[in-house]
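Scroll down for the structure; my scribbles are underneath it.
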Amino acid sequence: MAKICLICEGSYPYVVGGVSSWVQDLINLNKEHEFSILCIIPNEEFAVSKYDLPDNVKEVKNITLNPDTPVNGFRMFRNNYMKKEKVKEELFNLMNFRDTSVEKAAKLLESFSRKKYGNPMEVVVSKVFWDPLLRYYSENYSSTNYNVFYWTYRNIFLNLIGILQEKIPKADIYHSVATGYAGVIAAMAGYRGKGKVILTEHGIYPREREEEIVHAQWVDKSFKSIWIDFFYFLSRITYKYSDVVVTLFDYNRDLQIKNGADPSKCLVIPNGIDKSRFGNLDFEKRDTFSIGAVLRVVPIKDVKMMIKGFRVALRKLRNTKLYLIGPIDENPEYYKECVQMVKSLEMEDYVEFTGKVNVADYYKFLDLLLLTSISEGQPLSILEGLSAGIPFIATDVGNCREILTEKTEIGEAGVIIPPTSYVDLADSLVKMYQSRDRLKEMGENGKKIVEKYYSREIFIEGYRKIYRELGDKQWQE
């Protein structure tokens with residue numbers, strides 16, 4: 001038996017979704033091990049559990065971002081007036097996240113984690129931080145607003161130092177479910193020799209953050225590259241100090257290697273589906289042509305594009321309804337915008353937001369499923385829908401194309417469209433609506449694809465082997 005600390009960022013057990021469902025399955029299918037859950041969350045109000053924790057979860061610890069730490073006058077005096085030229089030079093180099101040495105960065109972060117220069121706030125208001133920051137600004141950003149520049153780096157380092165100064169559960173294995181802040185905690189545990197480190201990436205974290213930052217209004221355009229480089233830096237340091245780097249499909253493995261992961265550490269373990277859960281449902285055809293989307297109502301799922309595409313297609317559809325199946329409370333503002341869009345397009349009779357429900361009740365009658373995300377890994381919603389025999393229209397993100405159209409020995413299980421294109425979605429909806437025999441064939445192909453390539457047995461054995469080998473290695477050392 002190994003003690004395993006799973007490190008999650010903004011997901012399990014507080015957010016319903018594919019990654020959280022994956023974590024729940026992983027714990028339930030490894031009953032021989034004890035788990036602790038380390039959750040990185042934006043605030044304490046976020047910490048409302050959406051899952052019943054398995055019996056082998058022994059501890060849940062939360063780490064909140066944006067730490068509010070008091071300043072000690074003596075430590076401030078010491079930091080400001082003792083000579084620390086070496087650490088200032090190291091910090092200056094770290095500020096160039098694109099080119100900084102991962103090994104030197106880890107050494108510096110370790111000194112911050114041991115509070116050698118005080119708590120997070122004491123660091124970012126001291127000359128240890130201020131002097132190299134001013135120098136970096138002068139050499140690289142002198143034509144920009146210094147106040148915004150300062151707050152950009154201040155926020156980055158407050159959070160980075162804050163999470164590293166938190167006590168983490170003792171474990172034999174630290175298993176991070178992303179790079180980012182979760183990954184750097186696991187990496188530094190490995191750097192300190194506290195345990196072995198596993199990284200599992202569902203999507204490529206910095207690419208997802210880059211997509212968000214490019215379109216974000218809260219980030220000044222002059223400093224977007226800083227945030228993007230920072231998240232790629234977190235990935236590099238996680239790859240460096242992980243013993244095993246796992247992803248769900250080959251394309252993402254290639255991206256990990258391109259971003260600095262050691263190929264000898266990289267494995268592919270696809271998601272696995274229990275075919276008995278959805279594969280034996282009795283189909284209950286309704287009078288309507290029923291379309292569904294299993295999702296969280298959040299911007300990355302591009303629900304607005306789905307609504308617009310459905311609205312265009314409705315001109316050529318008859319007796320059709322769209323069910324948006326899943327939680328509506330993660331981003332209340334975006335949900336309100338989606339509801340308002342439905343009203344403004346006069347679609348209240350054609351679109352239903354279900355909230356959190358038992359998806360099996362909907363799989364029993366759905367004719368077609370949609371996924372319109374702008375970023376994905378290997379969506380569990382697609383694998384679940386296919387196991388129920390329902391074909392998909394999905395955007396060309398993550399592993400969707402491979403699952404739906406590239407298992408040529410079986411056949412296609414859906415249609416791929418470009419992200420953000422509601423026109424292509426509308427065209428595909430009409431074609432699928434008019435091709436009922438093709439829908440049936442795709443549904444049958446989907447079941448075969450899941451059974452052959454995405455079985456739960458492959459998923460279980462892959463992680464059992466890693467846990468067993470790393471646990472044994474940890475105890476031997």
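Note on naming: chains are A, B, ... as they come in the structure tokens, residues start from 1 per chain, ligands start from 1 in the order shown.
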- Message: For the structure I just gave you, how does DSSP split range 199-441 of chain A - specifically, which residues are helix (DSSP H, G or I)? Reply as a PyMOL selection string.
- Response: chain A and resi 205-215+221-240+250-258+263-265+275-278+299-301+303-316+332-344+360-363+380-387+400-405+422-433+436-441
Could you produce a table of the residues of range 252-338 of chain A lying within 10 Å of range 191-203 of chain A, with the nearest pair of atoms per residue and their separation in Å rounded to one decimal, using only C-alpha atoms, ordered by chain and increasing residue number, as a tab-separated table?
```
residue	atom	partner	partner_atom	distance
A:Asn252	CA	A:Gly203	CA	7.5
A:Arg253	CA	A:Glu201	CA	9.2
A:Gln256	CA	A:Glu201	CA	9.1
A:Lys265	CA	A:Ile198	CA	9.7
A:Cys266	CA	A:Leu199	CA	9.5
A:Leu267	CA	A:Thr200	CA	9.4
A:Val268	CA	A:Thr200	CA	9.5
A:Ile269	CA	A:Thr200	CA	9.2
A:Pro270	CA	A:His202	CA	9.4
A:Asn271	CA	A:His202	CA	9.2
```
Write the residues of the preceding selection, restricted to N, CA and C atoms, as an mmCIF file, in the first residue's frame.
```cif
data_model
loop_
_atom_site.group_PDB
_atom_site.id
_atom_site.type_symbol
_atom_site.label_atom_id
_atom_site.label_comp_id
_atom_site.auth_asym_id
_atom_site.auth_seq_id
_atom_site.Cartn_x
_atom_site.Cartn_y
_atom_site.Cartn_z
ATOM 1 N N ASN A 252 -0.600 14.859 -27.516
ATOM 2 C CA ASN A 252 -0.223 15.615 -26.322
ATOM 3 C C ASN A 252 1.149 15.188 -25.801
ATOM 4 N N ARG A 253 1.469 13.907 -25.936
ATOM 5 C CA ARG A 253 2.805 13.448 -25.535
ATOM 6 C C ARG A 253 3.870 14.174 -26.349
ATOM 7 N N GLN A 256 4.273 17.625 -24.950
ATOM 8 C CA GLN A 256 5.023 17.614 -23.700
ATOM 9 C C GLN A 256 6.523 17.546 -23.967
ATOM 10 N N LYS A 265 10.470 9.486 -19.846
ATOM 11 C CA LYS A 265 9.521 9.522 -18.722
ATOM 12 C C LYS A 265 8.068 9.520 -19.186
ATOM 13 N N CYS A 266 7.837 9.715 -20.486
ATOM 14 C CA CYS A 266 6.487 10.011 -20.978
ATOM 15 C C CYS A 266 5.716 8.743 -21.343
ATOM 16 N N LEU A 267 4.505 8.660 -20.837
ATOM 17 C CA LEU A 267 3.624 7.531 -21.115
ATOM 18 C C LEU A 267 2.272 8.047 -21.607
ATOM 19 N N VAL A 268 1.569 7.202 -22.359
ATOM 20 C CA VAL A 268 0.201 7.487 -22.762
ATOM 21 C C VAL A 268 -0.719 6.458 -22.115
ATOM 22 N N ILE A 269 -1.643 6.938 -21.291
ATOM 23 C CA ILE A 269 -2.676 6.076 -20.710
ATOM 24 C C ILE A 269 -4.015 6.741 -21.011
ATOM 25 N N PRO A 270 -4.783 6.207 -21.943
ATOM 26 C CA PRO A 270 -6.056 6.851 -22.296
ATOM 27 C C PRO A 270 -7.081 6.732 -21.182
ATOM 28 N N ASN A 271 -8.072 7.608 -21.229
ATOM 29 C CA ASN A 271 -9.198 7.471 -20.316
ATOM 30 C C ASN A 271 -9.883 6.129 -20.544
#
```
- Message: Applying 9 Å and only C-alpha atoms, which residues near Ala171 in chain A remain after dropping the ones on its own chain fewer than 3 positions away? List them as a list of chain:residue names.
- Response: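 The filter keeps A:Ala2, A:Lys3, A:Ile4, A:Cys5, A:Phe35, A:Ser36, A:Ile168, A:Tyr174, A:Lys194, A:Gly195, A:Lys196.
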- Per-residue DSSP, range 82-236 of chain A, filtered to strand (DSSP E), as a list in words: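 DSSP on the backbone gives strand (DSSP E) at Ile173, Tyr174, His175, Ser176, Lys196, Val197, Ile198, Leu199, Thr200 and Glu201 of chain A.
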- Item | Within 8 Å of Val297 in chain A using only C-alpha atoms, minus same-chain residues under 4 positions, as a PyMOL selection string | chain A and resi 301+303+326-331+334-335
- Query: Restricting the calculation to only C-alpha atoms, which member of A:Tyr136, A:Phe112, A:Phe310, A:Tyr205 is positioned closest to Phe157 in chain A?
  - Reply: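 Looking at the shortest contact to Phe157 in chain A, the residue is A:Phe112.
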- What's the 10 Å shell around Asp287 in chain A, counting only C-alpha atoms, without same-chain residues fewer than 6 positions away, as a list in words? Asn319, Thr320 and Phe365 of chain A
10 Å contact set for Phe129 in chain A, only C-alpha atoms, chain neighbours under 4 positions out, as a CSV table (one decimal) with C-alpha atoms, in the first residue's frame:
```csv
chain,number,residue,atom,x,y,z
A,79,ASN,CA,15.8,42.0,3.9
A,80,ASN,CA,16.2,45.6,3.0
A,87,VAL,CA,19.7,36.2,-4.6
A,88,LYS,CA,18.8,39.4,-6.4
A,91,LEU,CA,15.6,36.5,-8.9
A,92,PHE,CA,16.4,38.8,-11.9
A,122,GLU,CA,7.6,40.3,3.0
A,123,VAL,CA,9.4,39.1,-0.1
A,124,VAL,CA,7.5,41.2,-2.7
A,125,VAL,CA,7.6,44.5,-0.8
A,133,LEU,CA,12.3,43.9,-10.6
A,134,LEU,CA,13.2,47.6,-11.3
A,153,TYR,CA,5.1,40.3,-11.1
A,154,ARG,CA,3.9,40.9,-7.5
A,157,PHE,CA,5.3,35.8,-7.0
```
